[in-house]
Amino acid sequence: MSEKPTIVCRCEEITMEEIQETIEQFHCSSREVKLRTRAGMGSCGGRTCRSVIDRLVEELGGATVSNEVPLSYRPPVRPVSFGVLGGAKE
Amino acid sequence: MIDVVIIGAGPAGLGAAVAAAEHGLQVCVVDEFVKPGGRLLGQLHEEPDGKWVNGIEEAQKLYNQAIGLGVDIRCGISVYDLRKLENTWCVYTTDEMIESKCLLLATGASETPIPIPGWTLPGVMSIGAAQVMGNVHRVKPGEKGIIIGVNVLSVAIARELQLCGVHVESILLPQPGLLAGSAGNPEKMMESLLRLSHLAPSPLIRMGGKWVSPKLGARLFPKNGFKMWGIPIQLRKAALEILGDNQVEGVRMAEVSANGEVLPGTEKTVSADFVCIAGGLTPMAELASVAGCSFCYVPELGGHVPLHNEFMQTNLAGLYIAGNITGVESAKVARAQGKVAGLSMARELKALVYGGNEKLYAAVEEVTETRRNALIQFQPGIEEARKELHRKFDETYKQKLVSI
Amino acid sequence: MNSMRVNHHPVLGDLETHKEIKIYFDGQEYTAYEGDTIASALLASGVRTLRFHEDKETPRGIYCNIGHCFECRVKVDGKKTVRACLTSAENHMQIESCKALSASEVKGGTL
């Protein structure tokens with residue numbers, strides 16, 4: 001087996017093991033995995049790892065894939081400064 | 001307030017901008033990248049007649065056309081939020097807030113990762129990243145690379161990297177298991193490769209496309225792989241770990257059985273200075289989600305796509321989509337969809353002149369035609385999946401949308 | 001120098017001559033071409049590591065190269081969270097790699 005852990009969420013460095021344990025313990029949705037582990041909560045907004053988290057949740061007996069987007073997208077979809085939010089130009 | 005804002009300056013966005021501007025609409029296109037063209041920029045492929053299609057030139061032509069029609073194209077600007085106020089779409093960008101009557105999301109696709117131990121090391125990048133680095137920026141991603149993930153996209157880009165003077169050591173599977181999904185299964189990957197058969201220089205694949213079942217193909221598959229353009233494609237080898245302390249130094253790999261199990265005692269280490277991860281593409285619909293679109297999960301189209309009809313309308317009035325956000329397909333299809341979206345917006349804004357409706361229907365037909373003639377089918381069953389999606393849209397929303 | 005450039009290409013042709021500019025990464029001077037992104041300019045000079053993970057201190061470089069993953073974020077002329085893959089390199093630009101935060105910063109909430 002591998003010596004290094006398999007990181008799933010690069011931004012927060014959350015491993016496959018942590019996510020797997022969380023799903024097995026709580027039989028939870030992608031959103032709950034995110035809230036419990038921080039996977040998908042980093043700088044990229046979950047853009048990189050969300051599909052992997054969804055697949056793990058489905059394969060490990062959590063929620064099945066539906067027409068709803070499992071991890072909801074919330075604005076801002078890019079990290080922006082308070083200045084930009086307040087209307088300043090970057 | 002302007003007529004149309006388009007997010008994404010790829011083939012779909014620029015195609016739509018041209019069609020809308022041709023009908024006198026005032027159009028603004030925004031894109032995060034430093035140059036317009038989107039994913040078209042990196043593309044480089046040989047048509048069956050031996051002619052090369054250069055994405056950079058194609059993008060330049062579209063850009064010139066749009067500029068000639070007075071389209072305002074702003075690059076290097078990110079959109080972070082959208083809001084609908086009465087009949088106005090407010091597009092919040094890092095530059096300023098732009099208001100428009102119609103809004104088109106042409107944000108393309110994002111790459112699906114395959115997590116592997118060591119994949120955060122500098123030198124590991126998505127396959128698309130290597131393509132852009134080599135073809136657009138004209139910088140080699142490295143001297144010697146290994147590609148993890150065997151699919152239509154990875155094989156095509158491996159060839160492009162080779163043209164950049166990069167040595168591609170091998171294309172192999174990810175370690176089978178939960179994280180790899182079907183990407184770790186030789187049979188499934190054989191099936192995907194067979195869709196490339198018509199352009200493959202390898203007789204095995206070329207003949208295989210006609211008569212070999214993926215199952216048989218994977219079993220008959222030579223243990224040492226076969227070569228396309230001299231690049232070893234190894235459906236019976238899997239990457240277990242990317243090695244290196246501060247950056248990529250190599251990959252630890254092992255042989256796998258036809259159904260994807262690692263064979264003990266076959267491990268070895270191969271050196272490389274970069275690694276590409278090729279997990280496929282998925283529509284990038286975050287802004288559609290923020291706007292409040294209804295979604296549909298369609299595996300043939302690459303995942304969750306905003307519900308829409310053949311005129312590229314979503315269930316939200318004034319909001320349109322085109323290109324890979326509607327499902328992963330080739331740049332040509334994206335461009336044809338862009339034209340439909342541009343004409344649809346012109347229809348909504350009463351800018352279609354006499355004969356305009358016929359033009360719109362012809363453009364819809366052109367999308368289907370382009371799809372049928374596409375060299376690369378990313379997934380089987382795209383046409384049927386799209387029909388079903390459009391049917392679902394009509395069933396749910398036809399009564400509610402005005403002016404259809 | 002610049003051995004990573006694709007100077008000749010059988011289909012795309014020879015690389016056009018670009019104006020050379022100077023950029024600085026963590027204080028060291030590098031030559032870039034006008035039209036480069038920060039990421040392409042640094043990779044052309046063999047620089048792969050652009051930052052270190054805030055908490056785990058692991059090195060990171062470009063991953064998606066089109067602005068989706070934010071792995072390549074650097075500090076440019078004092079401005080934080082600038083994506084190296086989407087930002088044009090400009091003459092005399094001062095670029096800094098993002099470093100791991102000290103424990104007090106991580107816990108103390110001065111992010």
# chains A, B, ... in the order shown; residues from 1 in each chain; ligands from 1
$ interface_residues --of "chain B" --to "chain A" --cutoff "9 Å" --atoms "only C-alpha atoms" --output "JSON, numbers by chain"
{"B": [78, 79, 80, 81, 82, 92, 93, 94, 95, 96, 97, 110, 111, 112, 113, 114, 115, 116, 117, 118, 119, 120, 178, 179, 180, 181, 240, 241, 282, 284, 286, 287, 289, 290, 294, 295, 296, 297, 298, 303, 304, 305]}
$ write_last_selection --atoms "N, CA and C atoms" --output "compact mmCIF listing (two decimals), in the first residue's frame"
# COMPACT_ATOMS: atom_id res chain seq x y z
N SER B 78 -13.07 38.31 -13.29
CA SER B 78 -13.83 37.18 -12.74
C SER B 78 -15.22 37.62 -12.33
N VAL B 79 -16.18 36.73 -12.53
CA VAL B 79 -17.54 36.98 -12.06
C VAL B 79 -17.71 36.22 -10.75
N TYR B 80 -18.16 36.89 -9.71
CA TYR B 80 -18.30 36.18 -8.44
C TYR B 80 -19.73 36.05 -7.95
N ASP B 81 -20.67 36.76 -8.60
CA ASP B 81 -22.07 36.64 -8.18
C ASP B 81 -22.99 37.13 -9.28
N LEU B 82 -24.24 36.67 -9.21
CA LEU B 82 -25.28 37.07 -10.16
C LEU B 82 -26.54 37.37 -9.40
N TYR B 92 -21.93 40.58 -11.14
CA TYR B 92 -20.90 41.17 -10.28
C TYR B 92 -19.53 40.66 -10.69
N THR B 93 -18.67 41.56 -11.16
CA THR B 93 -17.33 41.15 -11.58
C THR B 93 -16.30 41.83 -10.70
N THR B 94 -15.06 41.37 -10.80
CA THR B 94 -13.99 41.99 -10.02
C THR B 94 -13.67 43.38 -10.56
N ASP B 95 -14.26 43.74 -11.70
CA ASP B 95 -14.03 45.07 -12.26
C ASP B 95 -15.18 46.00 -11.88
N GLU B 96 -16.40 45.59 -12.21
CA GLU B 96 -17.57 46.41 -11.86
C GLU B 96 -18.82 45.56 -12.00
N MET B 97 -19.96 46.11 -11.61
CA MET B 97 -21.21 45.40 -11.79
C MET B 97 -21.77 45.79 -13.16
N SER B 110 -15.02 21.91 -16.01
CA SER B 110 -13.82 21.81 -15.17
C SER B 110 -13.35 20.36 -15.22
N GLU B 111 -12.11 20.15 -14.85
CA GLU B 111 -11.56 18.79 -14.92
C GLU B 111 -11.85 18.02 -13.65
N THR B 112 -12.19 16.76 -13.83
CA THR B 112 -12.45 15.88 -12.70
C THR B 112 -11.12 15.33 -12.21
N PRO B 113 -10.85 15.47 -10.92
CA PRO B 113 -9.56 14.97 -10.45
C PRO B 113 -9.59 13.48 -10.14
N ILE B 114 -8.44 12.86 -10.07
CA ILE B 114 -8.32 11.50 -9.55
C ILE B 114 -7.29 11.59 -8.42
N PRO B 115 -7.75 11.64 -7.17
CA PRO B 115 -6.78 11.77 -6.07
C PRO B 115 -5.88 10.54 -5.98
N ILE B 116 -4.59 10.80 -5.89
CA ILE B 116 -3.58 9.75 -5.81
C ILE B 116 -2.56 10.20 -4.77
N PRO B 117 -2.02 9.31 -3.97
CA PRO B 117 -1.00 9.76 -3.00
C PRO B 117 0.10 10.54 -3.73
N GLY B 118 0.41 11.71 -3.24
CA GLY B 118 1.46 12.51 -3.85
C GLY B 118 0.99 13.52 -4.89
N TRP B 119 -0.33 13.58 -5.13
CA TRP B 119 -0.79 14.44 -6.23
C TRP B 119 -0.80 15.92 -5.91
N THR B 120 -0.41 16.31 -4.68
CA THR B 120 -0.31 17.75 -4.42
C THR B 120 1.10 18.27 -4.69
N LEU B 178 -12.13 3.11 -4.99
CA LEU B 178 -13.21 4.09 -4.84
C LEU B 178 -12.92 5.42 -5.51
N LEU B 179 -11.68 5.88 -5.36
CA LEU B 179 -11.36 7.22 -5.84
C LEU B 179 -11.29 7.30 -7.35
N ALA B 180 -10.89 6.20 -7.98
CA ALA B 180 -10.72 6.22 -9.42
C ALA B 180 -12.05 5.97 -10.13
N GLY B 181 -12.98 5.30 -9.47
CA GLY B 181 -14.24 4.94 -10.13
C GLY B 181 -13.94 4.10 -11.35
N LEU B 240 0.28 3.89 -8.50
CA LEU B 240 -0.06 3.72 -7.08
C LEU B 240 0.28 4.95 -6.26
N GLU B 241 1.35 5.64 -6.68
CA GLU B 241 1.80 6.78 -5.87
C GLU B 241 2.70 7.68 -6.72
N THR B 282 -16.27 17.83 -16.47
CA THR B 282 -17.63 17.94 -15.96
C THR B 282 -18.10 19.38 -16.16
N MET B 284 -19.21 23.07 -15.86
CA MET B 284 -19.01 23.97 -14.74
C MET B 284 -20.18 24.94 -14.64
N GLU B 286 -21.52 26.47 -11.77
CA GLU B 286 -21.70 27.12 -10.47
C GLU B 286 -22.53 28.40 -10.55
N LEU B 287 -22.34 29.17 -11.61
CA LEU B 287 -23.09 30.42 -11.71
C LEU B 287 -24.57 30.15 -11.99
N SER B 289 -26.13 27.64 -10.82
CA SER B 289 -26.65 27.22 -9.52
C SER B 289 -26.92 28.43 -8.63
N VAL B 290 -25.98 29.36 -8.63
CA VAL B 290 -26.15 30.59 -7.85
C VAL B 290 -27.38 31.37 -8.33
N SER B 294 -32.82 25.22 -12.42
CA SER B 294 -33.09 23.81 -12.12
C SER B 294 -32.00 22.98 -12.78
N PHE B 295 -31.67 21.86 -12.15
CA PHE B 295 -30.59 21.02 -12.66
C PHE B 295 -31.08 19.61 -12.98
N CYS B 296 -30.28 18.91 -13.76
CA CYS B 296 -30.58 17.55 -14.10
C CYS B 296 -29.26 16.78 -14.08
N TYR B 297 -29.25 15.59 -13.52
CA TYR B 297 -28.02 14.79 -13.50
C TYR B 297 -28.03 13.88 -14.73
N VAL B 298 -27.07 14.13 -15.64
CA VAL B 298 -27.01 13.38 -16.89
C VAL B 298 -25.57 12.86 -17.10
N GLY B 303 -22.28 15.05 -15.98
CA GLY B 303 -22.66 15.34 -14.60
C GLY B 303 -23.92 16.18 -14.52
N HIS B 304 -23.93 17.12 -13.57
CA HIS B 304 -25.10 17.98 -13.39
C HIS B 304 -25.08 19.11 -14.41
N VAL B 305 -26.18 19.22 -15.17
CA VAL B 305 -26.28 20.32 -16.13
C VAL B 305 -27.56 21.11 -15.85
$ interface_residues --of "chain C" --to "chain B" --cutoff "9 Å" --atoms "only C-alpha atoms" --output "PDB file with N, CA and C atoms, in the first residue's frame"
ATOM      1  N   ASN C   2      15.839  29.356 -20.085  1.00  0.00           N
ATOM      2  CA  ASN C   2      14.622  29.183 -20.860  1.00  0.00           C
ATOM      3  C   ASN C   2      14.597  27.924 -21.713  1.00  0.00           C
ATOM      4  N   SER C   3      15.189  26.878 -21.196  1.00  0.00           N
ATOM      5  CA  SER C   3      15.217  25.640 -21.963  1.00  0.00           C
ATOM      6  C   SER C   3      13.839  24.989 -22.031  1.00  0.00           C
ATOM      7  N   MET C   4      12.931  25.434 -21.163  1.00  0.00           N
ATOM      8  CA  MET C   4      11.599  24.833 -21.156  1.00  0.00           C
ATOM      9  C   MET C   4      10.683  25.433 -22.232  1.00  0.00           C
ATOM     10  N   ARG C   5      11.146  26.434 -22.946  1.00  0.00           N
ATOM     11  CA  ARG C   5      10.320  27.040 -23.995  1.00  0.00           C
ATOM     12  C   ARG C   5      10.172  26.113 -25.192  1.00  0.00           C
ATOM     13  N   VAL C   6       8.980  26.120 -25.760  1.00  0.00           N
ATOM     14  CA  VAL C   6       8.756  25.370 -27.002  1.00  0.00           C
ATOM     15  C   VAL C   6       9.067  26.343 -28.143  1.00  0.00           C
ATOM     16  N   ASN C   7      10.334  26.420 -28.510  1.00  0.00           N
ATOM     17  CA  ASN C   7      10.744  27.393 -29.523  1.00  0.00           C
ATOM     18  C   ASN C   7      10.333  26.988 -30.937  1.00  0.00           C
ATOM     19  N   HIS C   8      10.358  25.686 -31.173  1.00  0.00           N
ATOM     20  CA  HIS C   8       9.950  25.191 -32.493  1.00  0.00           C
ATOM     21  C   HIS C   8       8.802  24.228 -32.328  1.00  0.00           C
ATOM     22  N   HIS C   9       7.865  24.299 -33.251  1.00  0.00           N
ATOM     23  CA  HIS C   9       6.723  23.395 -33.183  1.00  0.00           C
ATOM     24  C   HIS C   9       6.332  23.021 -34.604  1.00  0.00           C
ATOM     25  N   PRO C  10       6.170  21.717 -34.879  1.00  0.00           N
ATOM     26  CA  PRO C  10       5.915  21.289 -36.256  1.00  0.00           C
ATOM     27  C   PRO C  10       4.603  21.810 -36.827  1.00  0.00           C
ATOM     28  N   VAL C  11       3.642  22.145 -35.993  1.00  0.00           N
ATOM     29  CA  VAL C  11       2.354  22.635 -36.511  1.00  0.00           C
ATOM     30  C   VAL C  11       2.164  24.118 -36.186  1.00  0.00           C
ATOM     31  N   LEU C  12       2.468  24.503 -34.954  1.00  0.00           N
ATOM     32  CA  LEU C  12       2.244  25.893 -34.538  1.00  0.00           C
ATOM     33  C   LEU C  12       3.341  26.837 -35.027  1.00  0.00           C
ATOM     34  N   LEU C  15       8.368  29.968 -32.294  1.00  0.00           N
ATOM     35  CA  LEU C  15       7.911  30.954 -31.309  1.00  0.00           C
ATOM     36  C   LEU C  15       8.309  32.342 -31.802  1.00  0.00           C
ATOM     37  N   GLY C  35       3.691  38.795 -22.439  1.00  0.00           N
ATOM     38  CA  GLY C  35       2.636  37.863 -22.855  1.00  0.00           C
ATOM     39  C   GLY C  35       2.592  36.616 -22.000  1.00  0.00           C
ATOM     40  N   ASP C  36       3.646  36.385 -21.225  1.00  0.00           N
ATOM     41  CA  ASP C  36       3.653  35.263 -20.287  1.00  0.00           C
ATOM     42  C   ASP C  36       2.641  35.506 -19.172  1.00  0.00           C
ATOM     43  N   THR C  37       2.140  34.429 -18.577  1.00  0.00           N
ATOM     44  CA  THR C  37       1.498  34.566 -17.278  1.00  0.00           C
ATOM     45  C   THR C  37       2.623  34.406 -16.255  1.00  0.00           C
ATOM     46  N   ALA C  39       2.742  32.189 -14.036  1.00  0.00           N
ATOM     47  CA  ALA C  39       2.995  30.751 -13.957  1.00  0.00           C
ATOM     48  C   ALA C  39       3.862  30.269 -15.122  1.00  0.00           C
ATOM     49  N   SER C  40       3.571  30.703 -16.336  1.00  0.00           N
ATOM     50  CA  SER C  40       4.354  30.222 -17.480  1.00  0.00           C
ATOM     51  C   SER C  40       5.772  30.789 -17.443  1.00  0.00           C
ATOM     52  N   ALA C  41       5.886  32.046 -16.992  1.00  0.00           N
ATOM     53  CA  ALA C  41       7.215  32.659 -16.914  1.00  0.00           C
ATOM     54  C   ALA C  41       8.103  31.906 -15.926  1.00  0.00           C
ATOM     55  N   LEU C  43       7.670  28.780 -14.749  1.00  0.00           N
ATOM     56  CA  LEU C  43       7.923  27.402 -15.171  1.00  0.00           C
ATOM     57  C   LEU C  43       8.997  27.372 -16.265  1.00  0.00           C
ATOM     58  N   ALA C  44       8.965  28.376 -17.147  1.00  0.00           N
ATOM     59  CA  ALA C  44       9.976  28.439 -18.209  1.00  0.00           C
ATOM     60  C   ALA C  44      11.381  28.521 -17.614  1.00  0.00           C
ATOM     61  N   GLY C  46      12.086  27.044 -14.824  1.00  0.00           N
ATOM     62  CA  GLY C  46      12.244  25.850 -13.992  1.00  0.00           C
ATOM     63  C   GLY C  46      11.696  25.958 -12.583  1.00  0.00           C
ATOM     64  N   ARG C  48       8.898  25.487 -10.063  1.00  0.00           N
ATOM     65  CA  ARG C  48       7.624  24.767  -9.956  1.00  0.00           C
ATOM     66  C   ARG C  48       6.849  25.104  -8.688  1.00  0.00           C
ATOM     67  N   THR C  49       7.577  25.393  -7.605  1.00  0.00           N
ATOM     68  CA  THR C  49       6.895  25.634  -6.323  1.00  0.00           C
ATOM     69  C   THR C  49       6.515  27.099  -6.200  1.00  0.00           C
ATOM     70  N   LEU C  50       5.208  27.360  -6.076  1.00  0.00           N
ATOM     71  CA  LEU C  50       4.730  28.735  -6.016  1.00  0.00           C
ATOM     72  C   LEU C  50       4.262  29.136  -4.627  1.00  0.00           C
ATOM     73  N   THR C  58       3.151  21.999   2.993  1.00  0.00           N
ATOM     74  CA  THR C  58       3.571  21.228   1.813  1.00  0.00           C
ATOM     75  C   THR C  58       3.705  22.155   0.606  1.00  0.00           C
ATOM     76  N   PRO C  59       4.697  21.878  -0.268  1.00  0.00           N
ATOM     77  CA  PRO C  59       4.878  22.749  -1.441  1.00  0.00           C
ATOM     78  C   PRO C  59       3.782  22.536  -2.486  1.00  0.00           C
ATOM     79  N   ARG C  60       3.415  23.594  -3.170  1.00  0.00           N
ATOM     80  CA  ARG C  60       2.383  23.534  -4.208  1.00  0.00           C
ATOM     81  C   ARG C  60       2.807  24.309  -5.441  1.00  0.00           C
ATOM     82  N   GLY C  61       2.315  23.850  -6.588  1.00  0.00           N
ATOM     83  CA  GLY C  61       2.561  24.564  -7.850  1.00  0.00           C
ATOM     84  C   GLY C  61       1.272  24.689  -8.618  1.00  0.00           C
ATOM     85  N   ILE C  62       1.365  24.898  -9.935  1.00  0.00           N
ATOM     86  CA  ILE C  62       0.126  24.990 -10.713  1.00  0.00           C
ATOM     87  C   ILE C  62      -0.546  23.626 -10.714  1.00  0.00           C
ATOM     88  N   TYR C  63      -1.874  23.617 -10.729  1.00  0.00           N
ATOM     89  CA  TYR C  63      -2.576  22.350 -10.936  1.00  0.00           C
ATOM     90  C   TYR C  63      -3.490  22.431 -12.159  1.00  0.00           C
ATOM     91  N   CYS C  64      -4.455  23.371 -12.165  1.00  0.00           N
ATOM     92  CA  CYS C  64      -5.412  23.381 -13.298  1.00  0.00           C
ATOM     93  C   CYS C  64      -4.992  24.337 -14.397  1.00  0.00           C
ATOM     94  N   ASN C  65      -4.223  25.370 -14.046  1.00  0.00           N
ATOM     95  CA  ASN C  65      -3.690  26.338 -15.011  1.00  0.00           C
ATOM     96  C   ASN C  65      -4.753  27.191 -15.692  1.00  0.00           C
ATOM     97  N   ILE C  66      -6.013  27.131 -15.259  1.00  0.00           N
ATOM     98  CA  ILE C  66      -7.038  27.998 -15.847  1.00  0.00           C
ATOM     99  C   ILE C  66      -7.898  28.675 -14.784  1.00  0.00           C
ATOM    100  N   GLY C  67      -7.333  28.808 -13.582  1.00  0.00           N
ATOM    101  CA  GLY C  67      -8.022  29.623 -12.587  1.00  0.00           C
ATOM    102  C   GLY C  67      -9.065  28.933 -11.730  1.00  0.00           C
ATOM    103  N   HIS C  68      -9.246  27.633 -11.886  1.00  0.00           N
ATOM    104  CA  HIS C  68     -10.276  26.962 -11.103  1.00  0.00           C
ATOM    105  C   HIS C  68      -9.810  26.560  -9.701  1.00  0.00           C
ATOM    106  N   CYS C  85      -1.616  31.661 -12.670  1.00  0.00           N
ATOM    107  CA  CYS C  85      -1.954  31.122 -14.003  1.00  0.00           C
ATOM    108  C   CYS C  85      -2.817  32.073 -14.813  1.00  0.00           C
ATOM    109  N   LEU C  86      -3.433  33.064 -14.155  1.00  0.00           N
ATOM    110  CA  LEU C  86      -4.347  33.964 -14.870  1.00  0.00           C
ATOM    111  C   LEU C  86      -3.817  35.388 -14.924  1.00  0.00           C
ATOM    112  N   THR C  87      -2.614  35.612 -14.421  1.00  0.00           N
ATOM    113  CA  THR C  87      -2.122  36.982 -14.306  1.00  0.00           C
ATOM    114  C   THR C  87      -0.910  37.192 -15.210  1.00  0.00           C
ATOM    115  N   SER C  88      -0.975  38.204 -16.047  1.00  0.00           N
ATOM    116  CA  SER C  88       0.136  38.489 -16.947  1.00  0.00           C
ATOM    117  C   SER C  88       1.355  38.951 -16.166  1.00  0.00           C
TER     118      SER C  88
END
$ select_by_dssp --residues "region 70-108 of chain C" --states "strand (DSSP E)" --output "compact mmCIF listing (two decimals) with N, CA, C and O atoms, in the first residue's frame"
# COMPACT_ATOMS: atom_id res chain seq x y z
N ARG C 73 -1.86 30.39 -6.14
CA ARG C 73 -1.99 31.78 -5.68
C ARG C 73 -0.67 32.29 -5.06
O ARG C 73 0.00 31.58 -4.32
N VAL C 74 -0.35 33.52 -5.44
CA VAL C 74 0.87 34.17 -4.97
C VAL C 74 0.53 35.60 -4.54
O VAL C 74 -0.61 36.04 -4.71
N LYS C 75 1.53 36.28 -4.01
CA LYS C 75 1.35 37.68 -3.62
C LYS C 75 2.05 38.51 -4.70
O LYS C 75 3.21 38.24 -5.02
N VAL C 76 1.35 39.47 -5.26
CA VAL C 76 1.94 40.28 -6.33
C VAL C 76 1.90 41.75 -5.94
O VAL C 76 0.82 42.30 -5.71
N LYS C 79 -0.29 42.48 -3.16
CA LYS C 79 -1.68 42.02 -3.20
C LYS C 79 -1.75 40.51 -3.05
O LYS C 79 -1.07 39.77 -3.75
N LYS C 80 -2.61 40.05 -2.14
CA LYS C 80 -2.69 38.61 -1.85
C LYS C 80 -3.63 37.88 -2.80
O LYS C 80 -4.47 38.49 -3.46
N THR C 81 -3.56 36.56 -2.79
CA THR C 81 -4.47 35.68 -3.55
C THR C 81 -4.56 36.07 -5.03
O THR C 81 -5.64 36.27 -5.57
N VAL C 82 -3.42 36.17 -5.65
CA VAL C 82 -3.39 36.43 -7.09
C VAL C 82 -3.06 35.11 -7.77
O VAL C 82 -2.08 34.46 -7.42
N ARG C 83 -3.90 34.68 -8.71
CA ARG C 83 -3.65 33.41 -9.38
C ARG C 83 -2.56 33.58 -10.44
O ARG C 83 -2.75 34.32 -11.41
N MET C 93 7.71 43.27 -11.90
CA MET C 93 6.71 42.75 -10.97
C MET C 93 7.40 42.05 -9.79
O MET C 93 8.35 41.30 -9.99
N GLN C 94 6.92 42.33 -8.58
CA GLN C 94 7.45 41.68 -7.38
C GLN C 94 6.48 40.59 -6.95
O GLN C 94 5.36 40.89 -6.55
N ILE C 95 6.91 39.35 -7.06
CA ILE C 95 6.03 38.23 -6.74
C ILE C 95 6.59 37.51 -5.52
O ILE C 95 7.79 37.29 -5.43
N GLU C 96 5.71 37.15 -4.60
CA GLU C 96 6.16 36.39 -3.43
C GLU C 96 5.36 35.11 -3.31
O GLU C 96 4.15 35.11 -3.55
N SER C 97 6.03 34.04 -2.93
CA SER C 97 5.31 32.79 -2.68
C SER C 97 4.55 32.94 -1.38
O SER C 97 4.99 33.66 -0.48
$ residues_around --residues "Asn91 (chain C)" --least-positions-apart "4" --cutoff "7 Å" --atoms "only C-alpha atoms" --output "PyMOL selection string"
chain C and resi 21-23
$ write_last_selection --atoms "C-alpha atoms" --output "JSON list (two decimals), in the first residue's frame"
[["chain", "number", "residue", "atom", "x", "y", "z"],
["C", 21, "ILE", "CA", 11.04, 41.57, -19.21],
["C", 22, "LYS", "CA", 12.34, 41.10, -15.67],
["C", 23, "ILE", "CA", 10.26, 39.76, -12.84]]
$ closest_residue --among "A:Val57, A:Val33, A:Cys28, A:Cys44" --to "chain C" --atoms "only C-alpha atoms"
A:Cys44
$ select_by_dssp --residues "region 41-85 of chain A" --states "helix (DSSP H, G or I)" --output "CSV table (one decimal) with N, CA and C atoms, in the first residue's frame"
chain,number,residue,atom,x,y,z
A,50,ARG,N,-15.2,18.4,-5.4
A,50,ARG,CA,-16.6,18.1,-5.1
A,50,ARG,C,-17.1,16.8,-5.8
A,51,SER,N,-16.7,16.5,-7.0
A,51,SER,CA,-17.2,15.3,-7.7
A,51,SER,C,-16.7,14.1,-7.0
A,52,VAL,N,-15.5,14.1,-6.4
A,52,VAL,CA,-14.9,13.0,-5.7
A,52,VAL,C,-15.7,12.7,-4.4
A,53,ILE,N,-16.0,13.8,-3.7
A,53,ILE,CA,-16.7,13.7,-2.5
A,53,ILE,C,-18.1,13.1,-2.8
A,54,ASP,N,-18.8,13.6,-3.8
A,54,ASP,CA,-20.1,13.0,-4.2
A,54,ASP,C,-20.0,11.5,-4.5
A,55,ARG,N,-18.9,11.2,-5.2
A,55,ARG,CA,-18.8,9.8,-5.6
A,55,ARG,C,-18.5,8.9,-4.3
A,56,LEU,N,-17.7,9.4,-3.4
A,56,LEU,CA,-17.4,8.6,-2.2
A,56,LEU,C,-18.7,8.5,-1.4
A,57,VAL,N,-19.5,9.5,-1.3
A,57,VAL,CA,-20.7,9.5,-0.5
A,57,VAL,C,-21.6,8.4,-1.1
A,58,GLU,N,-21.7,8.4,-2.4
A,58,GLU,CA,-22.6,7.5,-3.1
A,58,GLU,C,-22.2,6.0,-2.9
A,59,GLU,N,-20.9,5.8,-3.2
A,59,GLU,CA,-20.3,4.5,-3.1
A,59,GLU,C,-20.3,3.9,-1.7
A,82,PHE,N,-13.1,42.3,0.6
A,82,PHE,CA,-14.3,43.1,1.0
A,82,PHE,C,-14.4,44.4,0.2
A,83,GLY,N,-13.2,44.9,-0.3
A,83,GLY,CA,-13.3,46.1,-1.1
A,83,GLY,C,-14.1,45.8,-2.4
A,84,VAL,N,-13.8,44.7,-3.0
A,84,VAL,CA,-14.5,44.4,-4.3
A,84,VAL,C,-16.0,44.2,-4.0
A,85,LEU,N,-16.3,43.5,-2.9
A,85,LEU,CA,-17.7,43.3,-2.5
A,85,LEU,C,-18.4,44.6,-2.3
$ interface_residues --of "chain C" --to "chain A" --cutoff "8 Å" --atoms "only C-alpha atoms" --output "list in words"
His53, Lys56, His68, Cys69, Phe70 and Glu71 of chain C
$ residues_around --residues "Glu348 (chain B)" --least-positions-apart "4" --cutoff "12 Å" --atoms "only C-alpha atoms" --output "PyMOL selection string"
chain B and resi 3-4+20+23+25+101-103+311-313+317-320+341-344+352+356-357+360+401-404
$ atom_distance --atom1 "CA of Thr326 (chain B)" --atom2 "CA of Leu389 (chain B)"
10.2 Å
$ atom_distance --atom1 "CA of Lys99 (chain C)" --atom2 "CA of Gln28 (chain C)"
16.2 Å
$ atom_distance --atom1 "CA of Glu249 (chain B)" --atom2 "CA of Asp273 (chain B)"
5.4 Å
$ residues_around --residues "Phe393 (chain B)" --least-positions-apart "2" --cutoff "8 Å" --atoms "only C-alpha atoms" --output "VMD selection string"
chain B and resid 307 to 309 315 389 to 391 395 to 398
$ write_last_selection --atoms "C-alpha atoms" --output "short mmCIF file (atom, residue, chain, number, x, y, z; two decimals), in the first residue's frame"
data_model
loop_
_atom_site.label_atom_id
_atom_site.label_comp_id
_atom_site.auth_asym_id
_atom_site.auth_seq_id
_atom_site.Cartn_x
_atom_site.Cartn_y
_atom_site.Cartn_z
CA LEU B 307 -32.09 22.14 -17.37
CA HIS B 308 -32.47 23.78 -20.79
CA ASN B 309 -34.13 23.42 -24.18
CA ASN B 315 -35.91 27.86 -16.72
CA LEU B 389 -33.26 16.62 -21.35
CA HIS B 390 -35.08 18.89 -23.81
CA ARG B 391 -38.23 16.80 -23.38
CA GLU B 395 -42.70 19.17 -19.98
CA THR B 396 -41.86 21.30 -16.97
CA TYR B 397 -41.47 24.80 -18.29
CA LYS B 398 -42.95 25.27 -21.74
#
$ decode --residues "region 23-32 of chain A" --atoms "C-alpha atoms" --output "compact mmCIF listing (two decimals), in the first residue's frame"
# COMPACT_ATOMS: atom_id res chain seq x y z
CA ILE A 23 -19.33 8.77 5.86
CA GLU A 24 -19.22 5.38 7.55
CA GLN A 25 -19.84 6.81 10.99
CA PHE A 26 -22.59 9.28 10.13
CA HIS A 27 -24.04 7.86 6.86
CA CYS A 28 -24.15 11.42 5.71
CA SER A 29 -24.55 13.62 2.65
CA SER A 30 -21.78 15.50 0.85
CA ARG A 31 -22.83 18.63 2.66
CA GLU A 32 -22.48 17.00 6.05
